[in-house]
>>> print(open('coords03.cif').read())   # mmCIF, C-alpha atoms and all ligand atoms
data_my_file
#
loop_
_atom_site.label_atom_id
_atom_site.label_comp_id
_atom_site.auth_asym_id
_atom_site.auth_seq_id
_atom_site.Cartn_x
_atom_site.Cartn_y
_atom_site.Cartn_z
CA MET A 1347 0.13 -39.73 28.89
CA ALA A 1348 -0.97 -36.85 26.66
CA GLN A 1349 -3.88 -37.70 24.33
CA ASP A 1350 -5.27 -36.03 21.23
CA ALA A 1351 -8.45 -34.13 22.09
CA LYS A 1352 -9.54 -34.25 18.42
CA ASN A 1353 -10.03 -38.00 18.68
CA GLY A 1354 -13.21 -37.34 20.56
CA SER A 1355 -12.00 -39.06 23.70
CA THR A 1356 -13.92 -38.05 26.77
CA ASP A 1357 -10.77 -38.13 28.82
CA ALA A 1358 -9.28 -34.87 29.91
CA VAL A 1359 -5.90 -34.06 28.40
CA VAL A 1360 -2.97 -32.82 30.34
CA ALA A 1361 -1.50 -30.25 28.01
CA ALA A 1362 1.41 -28.68 29.74
CA SER A 1363 4.79 -29.15 28.14
CA GLY A 1364 7.00 -31.65 29.80
CA ALA A 1365 4.11 -33.84 30.93
CA GLY A 1366 5.35 -37.40 31.18
CA HIS A 1367 9.00 -36.33 31.18
CA ALA A 1368 9.63 -36.34 34.83
CA ASP A 1369 12.98 -37.94 34.17
CA ASP A 1370 13.94 -34.82 32.10
CA GLY A 1371 13.66 -32.83 35.28
CA LEU A 1372 10.48 -31.05 34.10
CA SER A 1373 7.32 -31.12 36.19
CA ALA A 1374 3.93 -31.95 34.73
CA GLY A 1375 1.64 -29.00 33.91
CA THR A 1376 -1.85 -28.47 35.24
CA ALA A 1377 -3.74 -26.98 32.25
CA VAL A 1378 -6.56 -29.20 31.08
CA ILE A 1379 -8.30 -29.05 27.69
CA PRO A 1380 -11.77 -30.56 27.74
CA ALA A 1381 -11.97 -33.14 25.02
CA ASP A 1382 -15.69 -32.62 24.47
CA ALA A 1383 -16.51 -29.82 22.03
CA ILE A 1384 -20.01 -28.34 22.10
CA PRO A 1385 -21.95 -30.31 19.52
CA ASN A 1386 -22.82 -28.44 16.37
CA PRO A 1387 -26.46 -27.37 16.81
CA GLY A 1388 -26.95 -27.13 13.04
CA HIS A 1389 -29.30 -24.68 11.37
CA PRO A 1390 -32.51 -23.67 13.13
CA PRO A 1391 -35.64 -24.84 11.35
CA HIS A 1392 -36.57 -22.63 8.42
CA ARG A 1393 -39.43 -20.22 9.12
CA LYS A 1394 -41.36 -18.66 6.33
CA ARG A 1395 -41.64 -14.88 6.26
CA VAL A 1396 -44.95 -13.16 6.41
CA THR A 1397 -44.46 -11.98 2.82
CA ASP A 1398 -44.10 -15.65 1.74
CA THR A 1399 -47.49 -16.59 3.11
CA ASN A 1400 -49.56 -13.44 2.82
CA PRO A 1401 -49.95 -11.92 -0.68
CA LYS A 1402 -51.27 -8.67 0.79
CA LYS A 1403 -48.14 -8.21 2.89
CA GLU A 1404 -46.03 -9.08 -0.13
CA LYS A 1405 -47.76 -6.39 -2.16
CA ARG A 1406 -47.28 -3.94 0.67
CA ALA A 1407 -43.56 -4.69 0.87
CA GLU A 1408 -43.32 -4.15 -2.87
CA ARG A 1409 -44.98 -0.75 -2.54
CA THR A 1410 -42.62 0.16 0.30
CA VAL A 1411 -39.59 -0.67 -1.82
CA PHE A 1412 -41.01 1.35 -4.69
CA THR A 1413 -41.68 4.30 -2.36
CA LEU A 1414 -38.13 4.25 -1.05
CA PHE A 1415 -36.63 4.21 -4.55
CA PHE A 1416 -39.00 7.03 -5.46
CA LEU A 1417 -37.87 9.01 -2.39
CA SER A 1418 -34.31 8.54 -3.60
CA ILE A 1419 -35.23 10.10 -6.94
CA ILE A 1420 -36.89 13.02 -5.13
CA GLY A 1421 -33.72 13.47 -3.05
CA SER A 1422 -31.50 13.59 -6.16
CA ILE A 1423 -33.77 16.09 -7.88
CA GLY A 1424 -34.01 18.10 -4.65
CA ALA A 1425 -30.20 18.29 -4.42
CA ILE A 1426 -30.03 19.72 -7.95
CA ALA A 1427 -32.87 22.15 -7.19
CA ALA A 1428 -31.09 23.30 -4.01
CA TYR A 1429 -27.88 23.86 -5.96
CA ILE A 1430 -29.75 26.10 -8.38
CA ALA A 1431 -31.87 27.81 -5.71
CA PHE A 1432 -28.91 28.78 -3.51
CA PRO A 1433 -26.16 30.00 -5.87
CA ILE A 1434 -22.82 30.57 -4.17
CA GLU A 1435 -20.96 32.53 -6.82
CA ASN A 1436 -21.42 35.82 -5.01
CA GLY A 1437 -19.55 34.61 -1.91
CA ASN A 1438 -22.56 35.17 0.32
CA HIS A 1439 -21.82 32.95 3.33
CA GLU A 1440 -25.48 32.48 4.17
CA MET A 1441 -26.05 31.12 0.66
CA VAL A 1442 -23.05 28.81 1.02
CA ARG A 1443 -24.54 27.48 4.24
CA MET A 1444 -27.98 26.94 2.74
CA SER A 1445 -26.56 25.36 -0.42
CA THR A 1446 -24.37 22.98 1.58
CA LEU A 1447 -27.26 22.06 3.89
CA PHE A 1448 -29.91 21.37 1.26
CA VAL A 1449 -27.63 19.79 -1.35
CA GLY A 1450 -26.34 17.52 1.43
CA LEU A 1451 -29.84 16.66 2.64
CA GLY A 1452 -30.97 15.86 -0.90
CA MET A 1453 -28.01 13.59 -1.56
CA ALA A 1454 -28.41 11.93 1.84
CA LEU A 1455 -32.06 11.19 1.07
CA ALA A 1456 -31.09 9.82 -2.34
CA LEU A 1457 -28.51 7.46 -0.87
CA PHE A 1458 -30.70 6.51 2.09
CA GLY A 1459 -33.62 5.65 -0.22
CA ILE A 1460 -31.53 3.36 -2.42
CA GLY A 1461 -29.86 1.68 0.56
CA VAL A 1462 -32.97 0.99 2.63
CA ALA A 1463 -35.00 -0.06 -0.40
CA ALA A 1464 -32.35 -2.58 -1.41
CA ILE A 1465 -32.20 -4.03 2.10
CA HIS A 1466 -35.97 -4.24 2.41
CA TRP A 1467 -36.26 -5.82 -1.02
CA GLY A 1468 -33.69 -8.46 -0.07
CA LYS A 1469 -35.16 -9.21 3.34
CA ALA A 1470 -38.84 -9.19 2.50
CA LEU A 1471 -39.21 -10.18 -1.14
CA MET A 1472 -36.19 -11.97 -2.55
CA ASN A 1473 -36.11 -15.76 -2.33
CA ASP A 1474 -35.58 -16.96 1.22
CA LYS A 1475 -34.40 -20.46 0.40
CA GLU A 1476 -31.34 -21.73 2.30
CA GLY A 1477 -28.71 -23.64 0.39
CA ILE A 1478 -25.15 -24.88 0.60
CA ASP A 1479 -22.54 -23.86 -1.96
CA GLU A 1480 -19.72 -26.38 -2.18
CA ARG A 1481 -16.27 -24.95 -2.73
CA HIS A 1482 -14.75 -25.73 -6.06
CA PRO A 1483 -11.72 -24.58 -8.04
CA VAL A 1484 -12.17 -21.27 -9.83
CA ARG A 1485 -11.99 -22.08 -13.49
CA GLY A 1486 -13.35 -20.32 -16.51
CA ASP A 1487 -14.26 -23.35 -18.61
CA ASP A 1488 -17.46 -23.65 -20.56
CA ALA A 1489 -19.26 -25.59 -17.90
CA THR A 1490 -18.51 -22.90 -15.32
CA ARG A 1491 -19.72 -20.18 -17.63
CA GLU A 1492 -22.92 -22.05 -18.26
CA GLU A 1493 -23.36 -22.51 -14.56
CA ALA A 1494 -22.78 -18.77 -13.98
CA ALA A 1495 -25.38 -17.94 -16.60
CA GLU A 1496 -27.76 -20.33 -14.90
CA ILE A 1497 -27.12 -18.62 -11.55
CA PHE A 1498 -27.89 -15.24 -13.07
CA HIS A 1499 -31.03 -16.67 -14.55
CA LEU A 1500 -32.00 -18.17 -11.23
CA ALA A 1501 -31.22 -14.91 -9.39
CA ASN A 1502 -33.43 -13.07 -11.81
CA GLU A 1503 -36.20 -15.60 -11.21
CA GLU A 1504 -35.87 -15.56 -7.46
CA SER A 1505 -35.43 -11.83 -6.97
CA GLY A 1506 -38.22 -11.07 -9.38
CA PHE A 1507 -36.00 -8.47 -11.06
CA GLY A 1508 -37.47 -9.16 -14.48
CA ARG A 1509 -40.97 -9.89 -13.24
CA ARG A 1510 -41.44 -6.99 -10.79
CA THR A 1511 -41.17 -4.24 -13.33
CA LEU A 1512 -42.35 -1.51 -10.95
CA ILE A 1513 -39.45 -2.13 -8.57
CA ARG A 1514 -36.95 -2.73 -11.33
CA ASN A 1515 -37.78 0.47 -13.16
CA SER A 1516 -37.82 2.55 -9.98
CA LEU A 1517 -34.40 1.09 -9.05
CA ILE A 1518 -33.01 2.00 -12.45
CA GLY A 1519 -34.51 5.49 -12.09
CA ALA A 1520 -32.96 5.94 -8.65
CA LEU A 1521 -29.53 4.75 -9.81
CA VAL A 1522 -29.61 7.01 -12.86
CA ALA A 1523 -30.74 10.04 -10.84
CA PHE A 1524 -28.34 9.56 -7.94
CA PRO A 1525 -25.06 10.61 -9.69
CA LEU A 1526 -26.67 13.65 -11.31
CA PRO A 1527 -26.14 16.06 -8.36
CA GLY A 1528 -22.42 15.22 -8.39
CA VAL A 1529 -22.24 15.96 -12.13
CA VAL A 1530 -24.10 19.25 -11.72
CA LEU A 1531 -21.79 20.31 -8.85
CA LEU A 1532 -18.78 20.03 -11.18
CA ARG A 1533 -20.00 23.22 -12.80
CA SER A 1534 -18.66 25.18 -9.83
CA LEU A 1535 -15.11 24.22 -10.83
CA ALA A 1536 -15.23 26.72 -13.68
CA PRO A 1537 -17.39 29.81 -13.13
CA HIS A 1538 -19.24 30.45 -16.37
CA ASP A 1539 -18.58 34.20 -16.49
CA GLN A 1540 -14.84 34.17 -15.76
CA ASP A 1541 -11.75 32.65 -17.31
CA PRO A 1542 -10.47 30.08 -14.76
CA VAL A 1543 -6.88 30.42 -16.01
CA ALA A 1544 -6.93 34.18 -15.51
CA LEU A 1545 -8.48 33.69 -12.09
CA LEU A 1546 -5.53 31.59 -11.02
CA LYS A 1547 -2.83 33.70 -12.63
CA GLU A 1548 -3.79 37.01 -11.10
CA THR A 1549 -3.65 37.92 -7.41
CA MET A 1550 -4.30 41.13 -5.48
CA TRP A 1551 -0.64 42.13 -5.61
CA ASP A 1552 0.15 45.03 -7.87
CA LYS A 1553 2.69 47.83 -8.13
CA GLY A 1554 2.68 49.89 -4.91
CA VAL A 1555 0.35 47.59 -2.87
CA ARG A 1556 1.62 47.61 0.71
CA LEU A 1557 2.54 44.39 2.51
CA THR A 1558 0.44 44.01 5.67
CA ARG A 1559 0.34 41.59 8.59
CA ASP A 1560 -2.03 38.63 8.47
CA PRO A 1561 -4.71 38.86 9.83
CA SER A 1562 -4.68 42.42 11.25
CA GLY A 1563 -3.85 44.17 7.97
CA THR A 1564 -1.28 46.47 9.61
CA PRO A 1565 1.30 47.77 7.09
CA ILE A 1566 4.89 46.61 7.61
CA LYS A 1567 7.92 48.89 7.53
CA ALA A 1568 11.26 47.49 6.43
CA SER A 1569 12.62 48.55 9.83
CA ASP A 1570 10.04 46.25 11.55
CA VAL A 1571 11.58 43.18 9.95
CA THR A 1572 14.59 42.13 11.98
CA ILE A 1573 17.11 39.57 10.74
CA GLY A 1574 15.77 36.03 11.31
CA SER A 1575 12.16 37.13 11.66
CA VAL A 1576 9.30 35.87 9.52
CA PHE A 1577 5.95 37.55 8.80
CA HIS A 1578 2.72 36.11 7.41
CA VAL A 1579 1.61 38.73 4.93
CA ILE A 1580 -1.55 39.71 3.03
CA PRO A 1581 -1.97 42.56 0.53
CA GLU A 1582 -3.37 45.84 1.81
CA GLY A 1583 -7.12 46.06 1.17
CA LEU A 1584 -7.77 42.35 1.46
CA ASN A 1585 -9.66 42.73 4.74
CA GLU A 1586 -11.98 45.28 3.14
CA LEU A 1587 -13.11 42.90 0.38
CA GLU A 1588 -16.79 42.10 0.63
CA HIS A 1589 -16.81 39.15 -1.76
CA ASP A 1590 -14.42 36.35 -2.52
CA LYS A 1591 -12.11 37.32 0.32
CA LEU A 1592 -10.98 33.79 1.15
CA ASN A 1593 -10.17 32.94 -2.46
CA ALA A 1594 -8.22 36.19 -2.84
CA LYS A 1595 -6.31 35.46 0.36
CA ALA A 1596 -5.58 31.87 -0.68
CA LYS A 1597 -3.84 33.14 -3.81
CA ALA A 1598 -2.06 36.19 -2.41
CA ILE A 1599 -0.77 34.95 0.96
CA VAL A 1600 2.97 35.54 1.34
CA LEU A 1601 5.82 34.77 3.72
CA LEU A 1602 8.24 37.59 4.43
CA MET A 1603 11.72 36.90 5.84
CA ARG A 1604 14.87 38.87 6.45
CA LEU A 1605 18.29 37.30 6.01
CA LYS A 1606 21.72 38.86 6.01
CA PRO A 1607 22.05 40.28 2.47
CA GLU A 1608 25.28 38.36 1.98
CA ASP A 1609 23.43 35.07 2.64
CA LEU A 1610 21.18 35.55 -0.38
CA ILE A 1611 22.42 33.94 -3.58
CA GLU A 1612 20.34 35.84 -6.10
CA ASP A 1613 20.02 35.50 -9.87
CA GLU A 1614 21.27 38.48 -11.81
CA ASN A 1615 17.80 39.25 -13.18
CA ARG A 1616 16.19 39.11 -9.74
CA LYS A 1617 18.67 41.15 -7.75
CA GLY A 1618 16.22 44.01 -7.44
CA TRP A 1619 13.35 41.84 -6.14
CA SER A 1620 14.48 41.88 -2.49
CA TYR A 1621 15.13 44.82 -0.17
CA ASP A 1622 18.21 44.79 2.08
CA GLY A 1623 17.93 41.03 2.73
CA ILE A 1624 14.11 41.08 2.97
CA VAL A 1625 12.45 38.59 0.62
CA ALA A 1626 8.82 37.64 0.00
CA TYR A 1627 7.61 34.29 -1.36
CA SER A 1628 4.21 32.76 -1.98
CA LYS A 1629 3.12 30.69 1.00
CA VAL A 1630 1.19 28.26 -1.23
CA CYS A 1631 3.15 25.05 -1.75
CA THR A 1632 3.84 24.22 -5.38
CA HIS A 1633 3.13 20.56 -4.70
CA VAL A 1634 -0.59 20.47 -3.91
CA GLY A 1635 -1.15 23.84 -2.29
CA CYS A 1636 -0.67 23.45 1.48
CA PRO A 1637 0.60 26.50 3.39
CA VAL A 1638 4.38 26.43 3.64
CA ALA A 1639 4.58 27.91 7.10
CA LEU A 1640 7.59 26.40 8.86
CA TYR A 1641 10.78 28.48 8.63
CA GLU A 1642 14.09 27.14 9.89
CA GLN A 1643 15.95 30.26 10.83
CA GLN A 1644 19.41 28.66 11.01
CA THR A 1645 19.34 26.86 7.65
CA HIS A 1646 17.00 29.33 5.89
CA HIS A 1647 14.82 26.44 4.77
CA LEU A 1648 11.04 26.59 4.42
CA LEU A 1649 9.23 23.35 5.16
CA CYS A 1650 5.80 22.29 3.95
CA PRO A 1651 4.27 20.06 6.63
CA CYS A 1652 1.98 18.19 4.27
CA HIS A 1653 4.51 16.08 2.34
CA GLN A 1654 7.78 17.52 3.62
CA SER A 1655 8.84 19.55 0.60
CA GLN A 1656 11.68 21.90 1.54
CA PHE A 1657 12.64 25.14 -0.15
CA ASP A 1658 15.94 27.02 0.14
CA VAL A 1659 15.20 30.70 0.80
CA THR A 1660 18.78 31.72 0.01
CA ARG A 1661 18.40 30.39 -3.57
CA HIS A 1662 15.03 31.76 -4.62
CA CYS A 1663 13.19 29.01 -2.72
CA GLU A 1664 14.34 26.24 -5.03
CA VAL A 1665 13.18 22.76 -4.04
CA ILE A 1666 15.83 20.86 -2.08
CA PHE A 1667 13.67 17.97 -0.88
CA GLY A 1668 10.23 16.46 -1.34
CA PRO A 1669 7.62 16.09 -4.07
CA ALA A 1670 7.26 19.79 -5.06
CA LYS A 1671 8.47 20.31 -8.63
CA ARG A 1672 9.20 24.02 -8.81
CA PRO A 1673 10.34 26.86 -6.51
CA LEU A 1674 7.89 29.00 -4.58
CA PRO A 1675 7.05 32.08 -6.70
CA GLN A 1676 8.81 35.22 -5.48
CA LEU A 1677 6.97 38.50 -4.98
CA PRO A 1678 9.17 41.42 -6.11
CA ILE A 1679 9.23 44.00 -3.29
CA THR A 1680 10.74 47.38 -2.43
CA VAL A 1681 9.95 50.25 -0.02
CA ASN A 1682 7.93 53.38 -0.62
CA ASP A 1683 8.76 56.94 0.44
CA GLU A 1684 7.44 56.32 3.96
CA GLY A 1685 9.56 53.19 4.47
CA TYR A 1686 6.68 50.73 4.06
CA LEU A 1687 7.29 47.51 2.15
CA VAL A 1688 5.35 47.46 -1.14
CA ALA A 1689 5.06 45.09 -4.08
CA GLN A 1690 6.73 45.99 -7.36
CA SER A 1691 4.13 44.00 -9.30
CA ASP A 1692 1.98 40.88 -9.10
CA PHE A 1693 3.73 37.48 -9.05
CA THR A 1694 5.37 36.85 -12.39
CA GLU A 1695 4.16 33.22 -12.49
CA PRO A 1696 1.07 31.34 -11.23
CA VAL A 1697 1.11 30.50 -7.53
CA GLY A 1698 0.24 27.09 -6.14
CA PRO A 1699 0.49 23.55 -7.46
CA SER A 1700 2.70 22.96 -10.45
CA PHE A 1701 -0.29 21.80 -12.44
CA TRP A 1702 -1.26 25.43 -13.05
CA GLU A 1703 2.07 26.09 -14.65
CA ARG A 1704 0.74 24.22 -17.65
CA LEU A 1705 -2.03 26.76 -18.05
CA SER A 1706 0.30 29.70 -18.36
S1 LIG B 1801 1.61 20.27 -0.41
FE1 LIG B 1801 3.57 20.85 0.19
S2 LIG B 1801 4.71 19.07 0.02
FE2 LIG B 1801 2.76 18.47 -0.62
#
>>> encode(input="coords03.cif", output="structure tokens", more="lines below")
Ligand code: FES
Amino acid sequence: MAQDAKNGSTDAVVAASGAGHADDGLSAGTAVIPADAIPNPGHPPHRKRVTDTNPKKEKRAERTVFTLFFLSIIGSIGAIAAYIAFPIENGNHEMVRMSTLFVGLGMALALFGIGVAAIHWGKALMNDKEGIDERHPVRGDDATREEAAEIFHLANEESGFGRRTLIRNSLIGALVAFPLPGVVLLRSLAPHDQDPVALLKETMWDKGVRLTRDPSGTPIKASDVTIGSVFHVIPEGLNELEHDKLNAKAKAIVLLMRLKPEDLIEDENRKGWSYDGIVAYSKVCTHVGCPVALYEQQTHHLLCPCHQSQFDVTRHCEVIFGPAKRPLPQLPITVNDEGYLVAQSDFTEPVGPSFWERLS
């Protein structure tokens, strides 16, 4: 009783399973698939564009495309000019805001100009002929190569890439100018007046600098740190910095914990770096620099939430799991005459991702 709808029969088809098997104990279904598909309407008749019939409109479209590519060039140059006009080396936040705003606007204009010009060029000026490409096996024989070359030749003819020199040259100009702001911005990776290696090796910690709470800057006494507690610590004086405060904090931020002294398994040469079970380690993960801020009090493990590196506080924060390749740097600490926790020196190795270890 069931019939194939693809045969083009005008009869309705009973499609439910079990149809015609009443003797199997199954009842016939009720779903019906109409056998008639909507006839393919085909392509609508081709309509010529106004730029195909009116040379003045064609010329106007060409000028529009040129103007957009030219705007893109202006945007790229403007981004570079903004980068120079609003230097951010001095840490002035207003300058950072202005630089970000105008460099971003320039680059947006550059990208917008190229994008809209390309679309307008394609829609208004490139060949509007409709054609059918038959599928064929992908093969790199000579005939295929010749055909590909012919297609390139045809595309050049139809798009007018070789003929419309004004558009072509402005496109090349826009594409050459567009990456320039990105190249110029790379300069900020290495300030010209400072040694980048030294910048990363040195932090605000020094002999006698007090450990203070983040963010209040209140000094911490050893007696404030109870067993099992953890403090987020910045060096004293950080809050008073007028310039470069965030960079200084990013390098010097420390986690302070107190364990039972007998739980610490310390190297002989580092026995004096802790104070009565209190230890301080860089909070900057040695994988790619996320803050290692999760402390498991029971296991004495520090966890980095970014890629799950774990560090064992009892063993100088050596890596026990995850992609980090070296322990968190330890800050040697002691107490001063008033009982406040102070650093014995700066870190003895670069903080942060292991990459910087290679610079030391
Ligand atoms: S940054 Fe810490 S594990 Fe990747």
>>> closest_residue(input="coords03.cif", among="A:Gly1554, A:Gly1528, A:Pro1433, A:Pro1387", to="Ala1689 in chain A", atoms="only C-alpha atoms")
A:Gly1554
>>> atom_distance(input="coords03.cif", atom1="CA of Phe1657 in chain A", atom2="CA of Ser1620 in chain A")
17.0 Å
>>> closest_residue(input="coords03.cif", among="A:Ala1456, A:Leu1649, A:Asp1590, A:Lys1394", to="Val1522 in chain A", atoms="only C-alpha atoms")
A:Ala1456
>>> closest_residue(input="coords03.cif", among="A:His1662, A:Arg1559, A:His1439, A:His1633", to="ligand LIG 1801 (chain B)", atoms="only C-alpha atoms and all ligand atoms")
A:His1633
>>> closest_atom_pairs(input="coords03.cif", of="chain A", to="ligand LIG 1801 (chain B)", cutoff="8 Å", atoms="all atoms listed in the file", output="CSV")
residue,atom,partner,partner_atom,distance
A:Val1630,CA,B:LIG1801,FE1,7.9
A:Cys1631,CA,B:LIG1801,FE1,4.6
A:Thr1632,CA,B:LIG1801,FE1,6.5
A:His1633,CA,B:LIG1801,S1,4.6
A:Val1634,CA,B:LIG1801,S1,4.1
A:Gly1635,CA,B:LIG1801,S1,4.9
A:Cys1636,CA,B:LIG1801,S1,4.3
A:Pro1637,CA,B:LIG1801,FE1,7.1
A:Val1638,CA,B:LIG1801,FE1,6.6
A:Leu1649,CA,B:LIG1801,FE1,7.9
A:Cys1650,CA,B:LIG1801,FE1,4.6
A:Pro1651,CA,B:LIG1801,FE1,6.5
A:Cys1652,CA,B:LIG1801,FE2,5.0
A:His1653,CA,B:LIG1801,S2,3.8
A:Gln1654,CA,B:LIG1801,S2,5.0
A:Ser1655,CA,B:LIG1801,S2,4.2
A:Gln1656,CA,B:LIG1801,S2,7.7
A:Gly1668,CA,B:LIG1801,S2,6.3
A:Pro1669,CA,B:LIG1801,S2,5.8
A:Ala1670,CA,B:LIG1801,S2,5.7
A:Pro1699,CA,B:LIG1801,S1,7.9
>>> atom_distance(input="coords03.cif", atom1="CA of Leu1587 in chain A", atom2="CA of Lys1547 in chain A")
19.0 Å
>>> atom_distance(input="coords03.cif", atom1="CA of Glu1586 in chain A", atom2="CA of Lys1553 in chain A")
18.7 Å
>>> residues_near_point(input="coords03.cif", point="(22.4, 35.2, -0.7)", cutoff="12 Å", atoms="all atoms listed in the file", output="JSON, numbers by chain")
{"A": [1604, 1605, 1606, 1607, 1608, 1609, 1610, 1611, 1612, 1613, 1614, 1616, 1617, 1620, 1622, 1623, 1624, 1625, 1646, 1658, 1659, 1660, 1661, 1662, 1663]}
>>> write_last_selection(input="coords03.cif", atoms="C-alpha atoms", output="short mmCIF file (atom, residue, chain, number, x, y, z; two decimals), in the frame of the given file")
data_model
loop_
_atom_site.label_atom_id
_atom_site.label_comp_id
_atom_site.auth_asym_id
_atom_site.auth_seq_id
_atom_site.Cartn_x
_atom_site.Cartn_y
_atom_site.Cartn_z
CA ARG A 1604 14.87 38.87 6.45
CA LEU A 1605 18.29 37.30 6.01
CA LYS A 1606 21.72 38.86 6.01
CA PRO A 1607 22.05 40.28 2.47
CA GLU A 1608 25.28 38.36 1.98
CA ASP A 1609 23.43 35.07 2.64
CA LEU A 1610 21.18 35.55 -0.38
CA ILE A 1611 22.42 33.94 -3.58
CA GLU A 1612 20.34 35.84 -6.10
CA ASP A 1613 20.02 35.50 -9.87
CA GLU A 1614 21.27 38.48 -11.81
CA ARG A 1616 16.19 39.11 -9.74
CA LYS A 1617 18.67 41.15 -7.75
CA SER A 1620 14.48 41.88 -2.49
CA ASP A 1622 18.21 44.79 2.08
CA GLY A 1623 17.93 41.03 2.73
CA ILE A 1624 14.11 41.08 2.97
CA VAL A 1625 12.45 38.59 0.62
CA HIS A 1646 17.00 29.33 5.89
CA ASP A 1658 15.94 27.02 0.14
CA VAL A 1659 15.20 30.70 0.80
CA THR A 1660 18.78 31.72 0.01
CA ARG A 1661 18.40 30.39 -3.57
CA HIS A 1662 15.03 31.76 -4.62
CA CYS A 1663 13.19 29.01 -2.72
#
>>> closest_residue(input="coords03.cif", among="A:Phe1432, A:Phe1458, A:Phe1416, A:Trp1551", to="Val1697 in chain A", atoms="all atoms listed in the file")
A:Trp1551
>>> residues_around(input="coords03.cif", residues="Ile1460 in chain A", least_positions_apart="4", cutoff="7 Å", atoms="all atoms listed in the file", output="list in words")
Leu1414, Phe1415, Ser1418, Ala1456, Ala1464 and Ala1520 of chain A
>>> write_last_selection(input="coords03.cif", atoms="C-alpha atoms", output="tab-separated table (two decimals), in the coordinates of the input")
chain	number	residue	atom	x	y	z
A	1414	LEU	CA	-38.13	4.25	-1.05
A	1415	PHE	CA	-36.63	4.21	-4.55
A	1418	SER	CA	-34.31	8.54	-3.60
A	1456	ALA	CA	-31.09	9.82	-2.34
A	1464	ALA	CA	-32.35	-2.58	-1.41
A	1520	ALA	CA	-32.96	5.94	-8.65
>>> closest_atom_pairs(input="coords03.cif", of="range 1417-1482 of chain A", to="range 1491-1506 of chain A", cutoff="9 Å", atoms="all atoms listed in the file", output="Markdown table")
| residue | atom | partner | partner_atom | distance |
| --- | --- | --- | --- | --- |
| A:Trp1467 | CA | A:Ser1505 | CA | 8.5 |
| A:Gly1468 | CA | A:Ser1505 | CA | 7.9 |
| A:Leu1471 | CA | A:Ser1505 | CA | 7.1 |
| A:Met1472 | CA | A:Ser1505 | CA | 4.5 |
| A:Asn1473 | CA | A:Glu1504 | CA | 5.1 |
| A:Asp1474 | CA | A:Glu1504 | CA | 8.8 |
>>> closest_residue(input="coords03.cif", among="A:Val1462, A:Gly1698, A:Lys1475, A:Gln1643", to="Arg1395 in chain A", atoms="all atoms listed in the file")
A:Lys1475
>>> residues_near_point(input="coords03.cif", point="(-4.8, 37.2, -2.7)", cutoff="9 Å", atoms="all atoms listed in the file", output="list in words")
Glu1548, Thr1549, Met1550, Trp1551, Ile1580, Pro1581, Leu1584, Lys1591, Leu1592, Asn1593, Ala1594, Lys1595, Ala1596, Lys1597, Ala1598, Ile1599 and Val1600 of chain A
